Each structure stands twice: as structure tokens, then as C-alpha cells.
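Some notes on the structure that comes next.
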2 protein chains.
Amino acid sequence: MIFKQIWEGANLTKNDGYFPANVPGNIQLDYGNVHGFGDANYGTNADKWRAVEDDFWEYRTNLVYDKKAGERVFFVSLGIDYKYDVSLNGEKIYSYEGMYKPFELDVTDKLTGDDTLTVLIYPHPKREGAPKGTRTEADASCKPPVSYGWDWNPRLIISGLWQDAYIETRDENYIGNVEVIAHLNDTFDAGSVTYTFDCAVNCVCALYDREGNEIYRGTDKQFSIENPELWWCNGQGDPYLYRWVIENGKEKREGKIGFRRVQLVRNTGAIDPPTFPKSRYYPPITIELNGRRIYGKGSNWVNPDIFWGRITRKTYDDLLTLAKDANMNLLRLWGGASVNKKDFYELCDEYGIMVWQEFMLACNNYLPRGNYIDVLTSEATSIIHQLRSHACLVLWCGGNELFNGWSGMTEQSMALRVLGSLCTIHDPEKPFINTSPLSGMGHGGYMFFHGSQNGEVFNEFIVAKRTAYTEFGVPSVSSVESLKKAIPENELFPISETPSWKIHHGFKAWLAESWLCLDVFKRYWGEPKSLEHLVEKSQFMQVAGYQAAFEEGRRQWPYCSMSLNWCYNEPWICAGNNSLIEYPAKPKPAYEAVKNSLRPTLFSARISKFTWKADELFEAELWLINDTQDKITDTTKVTVKVGNTVIDVMEWKAETNANTNRRGPTIRVPLPRESGDTVVLMLENGNGRASTYALQYVCPPELVPDNKPKTMNM
Amino acid sequence: MIFKQIWEGANLTKNDGYFPANVPGNIQLDYGNVHGFGDANYGTNADKWRAVEDDFWEYRTNLVYDKKAGERVFFVSLGIDYKYDVSLNGEKIYSYEGMYKPFELDVTDKLTGDDTLTVLIYPHPKREGAPKGTRTEADASCKPPVSYGWDWNPRLIISGLWQDAYIETRDENYIGNVEVIAHLNDTFDAGSVTYTFDCAVNCVCALYDREGNEIYRGTDKQFSIENPELWWCNGQGDPYLYRWVIENGKEKREGKIGFRRVQLVRNTGAIDPPTFPKSRYYPPITIELNGRRIYGKGSNWVNPDIFWGRITRKTYDDLLTLAKDANMNLLRLWGGASVNKKDFYELCDEYGIMVWQEFMLACNNYLPRGNYIDVLTSEATSIIHQLRSHACLVLWCGGNELFNGWSGMTEQSMALRVLGSLCTIHDPEKPFINTSPLSGMGHGGYMFFHGSQNGEVFNEFIVAKRTAYTEFGVPSVSSVESLKKAIPENELFPISETPSWKIHHGFKAWLAESWLCLDVFKRYWGEPKSLEHLVEKSQFMQVAGYQAAFEEGRRQWPYCSMSLNWCYNEPWICAGNNSLIEYPAKPKPAYEAVKNSLRPTLFSARISKFTWKADELFEAELWLINDTQDKITDTTKVTVKVGNTVIDVMEWKAETNANTNRRGPTIRVPLPRESGDTVVLMLENGNGRASTYALQYVCPPELVPDNKPKTMNM
């Protein structure tokens, strides 16, 4: 039986008294609430936590439980962030470094009837010699580096009992160390289920299909199942789950498993150069699920709150429901924010969202200093064991951008060799990659227009030829509603580089002007006339940019096999960000655009730039995109408009095979001299495959009919 | 005490009697000797072994030994090729699959005084369903695939007691399971030595320096040593070895260890592309030895005999002495031929030859069929334990060209994940790479001229920009002396595609015309006038080609960090081959050229083609190459000659820093109309840095002075 505890917290360094502490939670949040730090989302409040960054903290509770005869009493924790000692009545009974590994302590023989349990939390680890206040301080610990400051996460380092912790009384019927694993054979027509658990009495294992029919019931811990229903990712079929039960009359454990087989296979045509000296095929990055090659459609998931402790199942569900509705089938859990709570994976199992899970390494060189490799080994082993039975989990990855210049790691880095070995040993049926990007894959760009790089997002991905776009972004300013929650009213407009805008990543978050990107805005629209004007046009560009980038990635199938934008969500209110969804779960207009771009089948247009001028020849290459198992024959009515004026209308009848795109005609239409400000390409269709592309139209003053000498029009 | 045994062999399938069997040896060789197969090197004799390819074999011996009271009797084998049962007096006492793992069997309690020990060798494993007679048959076993037929190795599959096997009597003083490992810290100023062994009585451990001075003597199994002398590879310093001893008055074990630290580090400038979407730095392939970046100069070692069993320490020594003398510091032990006997590594330790050791995978897709992964795990673990203490061993590698189209493996292949994990677990201080080539690295070309590829070897490597050239070749026909041992006299000249030329890889070994490459010969020299003419010009081209390729690789330092030609040696007489050394250890003229190109410092010339015509502007870019730790200032006299006529003379004074090349001036000289047939560029120098480049000179008939109207010369 589980007994919730009432916890108090204290900042031992400041020695300013105890306060109520939420478990699960983060002690910094509790402390800030009591000490009037205010909403971290507002103004520069988040900076207030810097004053307690290096402090020692304590949780304490007077144990509450009801022990029956013959029962043992356990203190159970599902994970404590990050380095801590557990003491009972002043005696240290457990110490550990690492936030992911759960533990349970049999405290029965130490109980007095009036027992105080404390958890001492050490200051946040900071690597000796690392530049102060930078994320480099995170590079010798297994704590996800994001809270050390990122271009969309303020520096606000948290710790504490971020997962549940409680007292549990157990008798001989207790069922512990449960793991149920489904295995599918390589012809996808037979599965097996293996139950692992500890129990002092006999237990029965059972399996039920989705309708509740009993598939198996008995005492065998392993059995076979012929032609199991397969777990498919969103858009490719049902994410079919079976329910398993282990029970002994008194205790019962249950959960869900899915049968599926996943591999990473070579991307089609991503071959070595044709001339000597020859190199190699690019590393495989096409997901093959149950023998079917899948285009990975989705996004990069980040921590949905700067305070991880207060994340609930609802936090995940709101966001994952949106991901499912947006036709996404894959989320990359980026190494800087790392592993979510169990609810996340259960929901992904249900919704058919495949999970690419990274370990907690990002953008640093994690060298084998001190006890780093030992902690990593312990934490990674625990993570693999916690997650490997989930149907949703399709890929393990060492971490983010570790092979780039700004990180400095290589295949020879001990941390990655250890992670690869642990995955091979503990979860050999799933692929493992060292990092993203690997050779052939691409990260970036992250701007609508990037002068020093490949220019506009439109052309950038047409020119690029990558096996997978696993990060790319187009920023937008957040909604006015969100901005008003984050930026004090008197700073809202006109915008200048105030501390509030800066901490919310409006300026100098990455480049000088990111993420408000006023420079890019002005390039297209001149000075913003109002906050509303800025938000509207910025979001309009994000819509157009993501539409272009996602669809271009899909057009490059099967050479290219993934489009995952940076990023899906955000952990607090960002003034500007590449996210599709504002904190906490508010879709931007770009969300709808991406949802459309990720439909299983759609008519699509390859357009090479955003701004079109009067007298130019507008050009668009038509495509029918199809990642379903069906052969498609369909027709689209193609309309080009400037403002509300229809310029041209044509029709394209297209046919394409299963999981195959059809490249169609290029239409070319001279743009007239009109007074509108958009070119709109409409691919109309009655079967849900319609697409609309809204672009900027410019008619320079000298070309506007009314400005011309009258004689010219006669 | 060790007792050699007298062995007999039998072909159980043919049931044609017993014959004397050499141990170590190969039973097929013994059988062929008795049955008059003749010298495998001659004519098509090698084909005769096809008739016994699928046979069962037996070794037997009547045990000879002298057992004293209290001793135990062991049968010891250092490795049996490939799948076998060991029986004593008809009782099976051991079975195993795999040729590398040694074993020892305590047979004391089974001995009768008249004991017959037999080893049953199963037929060569062939993967079910693989095309018959092809090397693909090797892809489900851990037997090196080379003897299944390669373009320089006949199909002649061998097996048997290729390593020593004997009876050993042991008492309580016996010292077993010995391993002594030297560890060097990462500032290279302190080492430690760890002794591992089993012995029932107390032993003393000792360490001596090269001069025999005692560094340590005592009962500690681990101790530290301040500022040990470091082991350096050839050309970079002394390959300093310490001698270790373990003894107990009755028994003694000894060996040598070296202190050195090796890493693979990123190649200078081998960075991700500068524009988004960004990829990654190329995988590191620069060897850093004791903190110093090393240009890997060397070659690809193959099995020095088609019958591995008869390879002796002398076989290795003859070839390795040549490698050392040729300024080589690195040999790649290619996966198709795999692991050598212990003598090889001891000699490499002594000579400072670094060893890149591949596991026994090459050019196939090794899938996890049947017991493959189990055998691989057992064999690889044994190999790592046998070799990891050798100072010479600097790099583990999964195998050859596994990520290319013709193999089909990827980072996700279970065999490679297992090998990587085993190396990380059992030898974490050494780098591991999955295969060669990795991204950025290059294999090929393999021709002097290759029409469908990058043309001539001269330009091929100037155009290529690879981080490491780990295979590249220029073929030549073997010496007349060797050819006469291999090709029946009446077939020698004129050459046609007879079975003898073909089996010796003269035709259709790789491309239609390899490796005699008569088509390329004719392109430059017309029809061969005699065998001597063919050999002379072919070897002349090989000299020029290897000189160009090796020096171009070195000129690309530090972006490029290795030049290892394909191949160093050969296992039998090849009519033509890319080897530098003919079977068994006879250097070709190209050996001398490579020796020169690999000097620590030399004047070098980048020349873009082989054939120069009268009236052309001869062009060569001068370089001073230096991979020493010294700053060099030196002068070369530059002379261009056509035939014996000096055309131009100049001088270049160059200076360059340690481990740095100096790119110098490009000389340009109009070529006169002369009657010679070579252009020679001489970079003369009195300090051992001279180089000479001999190229083809052509003066078309219409340009030869004597053919012109006399008036033109007046």
C-alpha cells in the first residue's frame, strides 16, 4: 500500500526557514513561491533564481504510514534531481548521483514510530574550470544541460524530488521489478511475450487484446502468440496495444505492450561517390517499421516546462494530442532535455508516436572526468530498462550535435562508446546512433532568411540534399496574448532590447537578432507598425517557411527519410521561437500549416522563393505526395491569384503508387501589375488533398498601373 | 613441461589412408603433398584442392609425454581452424567453432598410458543459399573469407591445426593465464604495470629496462613507474620495450611491454559544411601517439601464405624488416585475412610498426544468422585478450568495406555493434572503428589508368581530398623469375588468357584486364615486345604511380593523415598485383620507390600526369615534406632532363617547421624536341632528401628534329 507524504523544504545555505514542498516538484519553485519571486514567466523574474543556484537544499517529512503485521516498509523514489543523500532520523541510508534511477529502501528495521526522513540535495554540479554561467558547466555531469541556459530556456537550474516519492508497505504478495516485453519475429507473423517480476507467492500472467479478449492466462512467464496485431505509427495503421496483467489475488500489476519491429535502414540512393577513392553509403536513417519504410514526420520535443517537477500527464497529453492531430509520427527527444516521465511514453504508445530518445548530452564535450562515466553508466542502464518495453521507442541516440565543431566529440569519445555498448547489451533490437546529425543528415537552418548562409528557407532545402532533416526551424514572434504575460506592458511596443525581451530570447539568444528577428522582418515588411503587425507578419512567414521546408523534405523521399523541425514546444513563454506551439500548449498558426503539410497524401508545390514581383514569371513545380500504402489517382485545380484577382487556372491529374511521390509539371504564370500584397497558389481538391501557398507579392510603385502615364494604358 | 606430438592426418570423406601431418600446419597441404598435387604456386595446381573442399578431416596422435608425480597432464591448442571436435580414446572431450580461441584440456584422469587423441575437422562452413564457389559462402562464419577466393588469393580453403598443439605436464608451480599490461597516463609522465596470472605458489613479478636494469622486483601485481621511456612508432622515436618476468623458482614467464597512449583524433580542417543544413566533422582518423599527431605511413598486410599453418616467425620477420626499412609505421591487417600469430605482434612491438587490426569480416553482409553472433563474440573476445597488451596495436576495426554497396552493412548491423561493445568493454583505451572506409576516407583507385574513373593515378589523388587513403594501388606484373615459377614455360609469352594466367590473377581477377593490365600497358607502350619488356615497363609505371600517390597523400597532411597502399605482400605468386613485395618476400622496384617516398623528410614534386610531349610546358610543384619533430632548412638543386639532356636547372631553398610540409614554387619548363623516352625531374640534395621522378616522354615523329626539313634547324 502506498502512503503519500507531506513534505517541507529548506534552503540550507540561506537558512531562512522551512516551506511547504511539492512532491513531485522542484524545490526552487517552492522556495520562489514562498519568497515572492513571482511567476517565472513574467519579466525578468526567472533571473531571481540565480541567487540560489549554488545552494544546498533539504526535503523533510515526518513519515506517515500504516504498517500491518508481516509487512515491510519501503521508502520509494522514482528519481531525485541530482546529487543527494537520504537520511532517516539523522542516519544516512542512501546516496546517489543522477536523476533518473529510481530506488527503494527497506526502512522497516530503522523505524521508531516517529520518523523523520530527509533528502539533502547538493548544489548543482558545475564542471570545474568551465566558464561561469555558461552551459559548459554542465559537461561533467549527467544532468540535462538545458537548464544551464539555452536559446529558448532561461538559465534556471532546478533540482529536487521531480518524480514521486512515497512510503510503501509490502507483504509477501508484493509484485516488484516488473517488466513485460513483447517480441515480434522478423517475418512479422509471430510474437512472444516475456514477463519478468519478483514475487514470493505464485502469480498468474495474462494478456488481453484491445477488446478485452483473453489471449493468454497461466503461470508461464513466456509464451508465443501467432499473428499478433501489429503496432503501427500514426498514419500507417493502428497503434495496437495489448494489455498485460500479473496478479496473485492480492496484488495486481498491469500495463500495455505492442508488437512491432524497428530497424534503421539505408536511405535509397544515398550511395558512396561513383569515382575512386570511394567512401561509403551514408549512415542509415530510414525507419523501417514492421518491414515498411516510413517517412519520419514530426518535430523536436523539448522539456514542456522549465520546472520539470510540475509536469503532469495532462501536460504531456495536451501536447501529444496536438502532435497526433498534426499527422506526426515521430518525436525526437533532444539530448539537452532528455528523458520524460513514464506518462509520456504511455501516451506515445497509445497515439502511435514513435520516440527517438537521446541521452542527456548536448552541444558539449563530455569527457571521462572524475566519476562521469560511472554515473552515465548507471543512469543510462536505468533509462534503458525503464523505457525499452515501450512500443513507441524506436531509436536510441547519444545526444545532440556531439560531432560538430561546437561540441568536439567523436565516435571515439568514451561516453558514446559506453552508451552504444549499453544499448547493444540491454536493448539490442533497437537501433542506436551516436548523435544527430550524422554524415548525410542536416541540422538547420533556423531562420526565414539567413544572409550568410543559403538565403531563404524556400530555396535552402531545395538546394540541400540530406538524408534526413532532423532539425530545421523558422521562427515567429509569439502571440500578443502570450507576450503580454511575459513582457511588462510599458516595454511591449516599440520594442527595444530591454532585459525582459532579452531573457525571453528576443535578442541575442542565438544570433544578434534572434529570436524576434526584427532584421528579417524589416527586410520584407519595413518597420513594424504595431505589436500586432509584427506578430501577424512574423507568423505569416513562419507558416510559409515551415510549409516550404516540411514539404520539400517529403518531396525528397526516399533519398530523404525524415523531417523534424526545431522545435515542437517550449518550456516557458519565448518572445520568439522556432516552436510550433507556444507555452504551455497553444498552437501557433504554423502548427496548422505543418498539420496540412504532414497529411498522408496532399498536392504540394515546390516554390523557390517567398517574394514575387509584378512582371515576374511565377513558377511552381507540382507534386502529389503520398506516404500511404494506397495507389492514388486524383486531380487538382490549380489557381494562381494576386490579391483577390485570379491570374491563371489549370488542372493536373496525377497518379502515384503506394509510399511514392509523383513529380508533376512546373507551372509558369507571368505576374500582372496589381495592387495586392500576396500571391496565392491554390491546389484545390475535394478529397482532402488541397493545399494553399500564400507568398509575398510586391508591385513596385513605378509598376503600379495608376502610377504609370495614362497613355500607357490606352 | 611441453611435449611435442607426432601427428597423422586423414581425409575421412575420401577414406584414402593416413599421412604425416605437420602441426602447426594445414591438413590440405599435407594431403596434397602425399597425393601429388604439386607446388600450389605452379600452373593450375591450386585448383586441385577444390576436390577436397567439402571433406571431413582427422588429425590423430598417440600421446607422448612424461608425467611426474603430482603433475597434471594438459592437451593445449593455440587455435584450430575452424569447426572441430577433440576426442581422447574415442570419447569426445571438447567441441568448438572458431579458429582463434586457444584452449587447454586437463586430460589427466582420462589417460590410460596408450592414448589416442583425435581432432575431427568439419567441412568448411558455407552459408546456405550463397552462390556456390563465391566468397559470399563465407558470410555466416567467423573464418576469414580470403581463402574462399579473392582477386589475389586463389580459392583454396584450408583448415586444421594451424597453431601449435601439444601435451603439457604441470605441477603446482605452473603459471597460467598470464597477461601483463602497461598503462600510460594522459600526460605521458607516469605509467603503471599490471600483472595477471594464476599460480598455486607465490610468484615474484619483475620489470627490466632495455639495458637489463631492474625497475621493479616484488610480489605486488601492480606498481607505478615514473617517467617511463615511451614506445614510439618507427621514425618518431624508439620503440622502447621493457621486459617483464613472473617467476617462482621453478617456472618463469617473460615478455615485453611498451608504454604508449593512442587516440584517434579529428583530422585538421575536416569540418562540416559551412552552410546549413550542417552535418558533422568527418570521423577522426588521425593517430595521436603519446600526444603527437602521426602521419600513418604504410600498407595493407595480407596473409603471407595461402597455407596459414606453415607461416613461421621468419615469414613475418622477413616482411616486417622490409616494412621497417621502408620507413613504414603502420600496417592495416585487413579483415579478409585477419589475425596473425603471436610472433607477428612481437616483431611489430620491436620494430615500432603500429598495427591496425581488423576482425574477420570483409566485403560481405554478415547477418546474425544461426550461431554467428555467439561464435563472433567468443572469437573476438579471445582475440582482444590475446592482443591488447601489445604496444604495437593501435586500432581495432570491424572489417573491410562493410559500409559499401557491395557489402551492405551499416552501423546498425549486430555484428559491428557487438564488436564495438566488446572492444569498449575489454580494451577501452584503444580506438575502434566499424570499418574502412568511413565518411571522408577513401579506398581506391587500384589502377595506373582507369578510364571510367578519375583517369591516371597522378591526378586522381591531387583531385581527391580524403582524410585518409587507406587503400590505393598501382599494379605491376611480377618479376620474370617469379612468373617462371608460376606459369608453364610454353604459356609465358606471348600472353593469352590461359588457365594458369587466370588462376594467378592475370585476367578477370577484378576488372576484365586485371591484374596484368595489358590494356593499360598498351595505352602507354604499345604491344609488349617480350615478357621482359612487359615486366620492365609495368614495374616502371608502378614505381611512378606509387611515388605519386604516396607523396600526394603526404602533401595533403594534416587534412589527410594516412597513406596505406593496397597491398604490401601476397600469399602466393600473383602474375600481377598491387603488392610492393612478391611472394614470399621479394621486393619489387616499387618497394624502393615507396621507401623513398616515406622518408621522414624529403623534397617532393606534385606532377599531374605521366606522359609529357615535346613542346609541352612541363610543370611540377615543389614541396618539402617533413613528419619529424625538427624544423628543417635545406636546399635542393632542381634538374629537368629529357633522356640524358639537361633542360633546366634551378635551386630551391626551403624551410619548414616540425611535422609540417612546405609548399614551394611551381617550376615550368618547355620540353624540347628530343629523341629520349623519359622526362626526369631530379631534386638533388646532399642530406638524404633527394628525389627523382621518371616519367614518360614522347616526341611524336613529326616533331623529332631529324624528321623535320633541314632548313628549320638552320
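For the C-alpha cells, the naming scheme is as follows: chains receive sequential letters (A, B, ...) according to their order of presentation, residues are indexed from 1 within each chain, and ligands are indexed from 1 in presentation order.
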Do you know which residues are at most 12 Å from B:Ala40 counting only C-alpha atoms, after dropping those on the same chain fewer than 2 positions away, and could you put them as a ChimeraX atom specification?
/B:28-30,32-33,36-38,42-49,153-156,305-307,485-487,500,503-504,571-574
Residues of chain B that approach chain A to 6 Å or less, counting only C-alpha atoms: could you list each one with the shortest pair of atoms and its distance in Å to one decimal, rows by chain and increasing residue number, as JSON lines?
```
{"residue": "B:Thr275", "atom": "CA", "partner": "A:Gln453", "partner_atom": "CA", "distance": 5.3}
{"residue": "B:Phe276", "atom": "CA", "partner": "A:Gly445", "partner_atom": "CA", "distance": 5.0}
{"residue": "B:Pro277", "atom": "CA", "partner": "A:Gly444", "partner_atom": "CA", "distance": 4.5}
{"residue": "B:Lys278", "atom": "CA", "partner": "A:Gly442", "partner_atom": "CA", "distance": 5.0}
{"residue": "B:Ser279", "atom": "CA", "partner": "A:Gly442", "partner_atom": "CA", "distance": 5.0}
{"residue": "B:Arg280", "atom": "CA", "partner": "A:Asn404", "partner_atom": "CA", "distance": 4.9}
{"residue": "B:Tyr281", "atom": "CA", "partner": "A:Asn404", "partner_atom": "CA", "distance": 5.7}
{"residue": "B:Phe403", "atom": "CA", "partner": "A:Arg280", "partner_atom": "CA", "distance": 5.4}
{"residue": "B:Asn404", "atom": "CA", "partner": "A:Arg280", "partner_atom": "CA", "distance": 4.9}
{"residue": "B:Gln412", "atom": "CA", "partner": "A:Pro431", "partner_atom": "CA", "distance": 6.0}
{"residue": "B:Ser421", "atom": "CA", "partner": "A:Ser421", "partner_atom": "CA", "distance": 4.5}
{"residue": "B:Pro431", "atom": "CA", "partner": "A:Gln412", "partner_atom": "CA", "distance": 6.0}
{"residue": "B:Pro437", "atom": "CA", "partner": "A:Ser279", "partner_atom": "CA", "distance": 5.5}
{"residue": "B:Ser439", "atom": "CA", "partner": "A:Ser279", "partner_atom": "CA", "distance": 5.8}
{"residue": "B:Met441", "atom": "CA", "partner": "A:Ser279", "partner_atom": "CA", "distance": 5.7}
{"residue": "B:Gly442", "atom": "CA", "partner": "A:Pro277", "partner_atom": "CA", "distance": 4.5}
{"residue": "B:His443", "atom": "CA", "partner": "A:Pro277", "partner_atom": "CA", "distance": 4.8}
{"residue": "B:Gly444", "atom": "CA", "partner": "A:Pro277", "partner_atom": "CA", "distance": 4.5}
{"residue": "B:Gly445", "atom": "CA", "partner": "A:Phe276", "partner_atom": "CA", "distance": 5.0}
{"residue": "B:Gln453", "atom": "CA", "partner": "A:Thr275", "partner_atom": "CA", "distance": 5.2}
```
Across B:Glu481, B:Asp615, B:Glu229, B:Asp139, the smallest distance to B:Ala182, with only C-alpha atoms counted, is shown by B:Glu229
Applying 7 Å and only C-alpha atoms, which residues near B:Trp623 remain after dropping the ones on its own chain fewer than 3 positions away? List them as a ChimeraX atom specification. /B:603-605,662-664
Please write the residues from the selection above to a file, keeping N, CA, C and O atoms, as a PDB file, in the first residue's frame.
```pdb
ATOM      1  N   PHE B 603      62.431  16.120 -50.340  1.00  0.00           N
ATOM      2  CA  PHE B 603      61.920  17.031 -51.356  1.00  0.00           C
ATOM      3  C   PHE B 603      61.018  16.223 -52.269  1.00  0.00           C
ATOM      4  O   PHE B 603      61.340  15.080 -52.621  1.00  0.00           O
ATOM      5  N   SER B 604      59.875  16.797 -52.591  1.00  0.00           N
ATOM      6  CA  SER B 604      58.855  16.063 -53.336  1.00  0.00           C
ATOM      7  C   SER B 604      58.296  16.967 -54.430  1.00  0.00           C
ATOM      8  O   SER B 604      58.352  18.198 -54.332  1.00  0.00           O
ATOM      9  N   ALA B 605      57.770  16.349 -55.467  1.00  0.00           N
ATOM     10  CA  ALA B 605      57.189  17.133 -56.563  1.00  0.00           C
ATOM     11  C   ALA B 605      55.788  16.638 -56.873  1.00  0.00           C
ATOM     12  O   ALA B 605      55.561  15.427 -56.965  1.00  0.00           O
ATOM     13  N   ARG B 662      56.112  22.090 -46.459  1.00  0.00           N
ATOM     14  CA  ARG B 662      56.243  23.411 -47.082  1.00  0.00           C
ATOM     15  C   ARG B 662      55.916  23.259 -48.550  1.00  0.00           C
ATOM     16  O   ARG B 662      56.535  22.463 -49.258  1.00  0.00           O
ATOM     17  N   ARG B 663      54.886  24.011 -48.965  1.00  0.00           N
ATOM     18  CA  ARG B 663      54.555  24.031 -50.381  1.00  0.00           C
ATOM     19  C   ARG B 663      55.450  25.058 -51.045  1.00  0.00           C
ATOM     20  O   ARG B 663      55.536  26.207 -50.594  1.00  0.00           O
ATOM     21  N   GLY B 664      56.122  24.672 -52.096  1.00  0.00           N
ATOM     22  CA  GLY B 664      57.088  25.564 -52.722  1.00  0.00           C
ATOM     23  C   GLY B 664      56.650  26.042 -54.081  1.00  0.00           C
ATOM     24  O   GLY B 664      55.453  26.021 -54.409  1.00  0.00           O
TER      25      GLY B 664
END
```
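Coordinates place atom CA of B:Arg332 at a distance of 8.7 Å from atom CA of B:Val302.
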Neighbouring residues of stretch 23-26 of chain B were defined as those with any atom within 6 Å, considering only C-alpha atoms; residues of the same chain fewer than 2 positions away were excluded. Please report them as a ChimeraX atom specification. /B:28-29,159-164,309-310
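Relative to atom CA of A:Ala165, atom CA of A:Gln5 is found at 8.0 Å.
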From atom CA of A:Asn300 to atom CA of A:Lys314 the spacing works out at 19.1 Å
message: Can you tell me, as a ChimeraX atom specification, which residues in stretch 344-477 of chain A count as helix (DSSP H, G or I) by DSSP?
response: /A:344-351,372-387,414-426,457-463
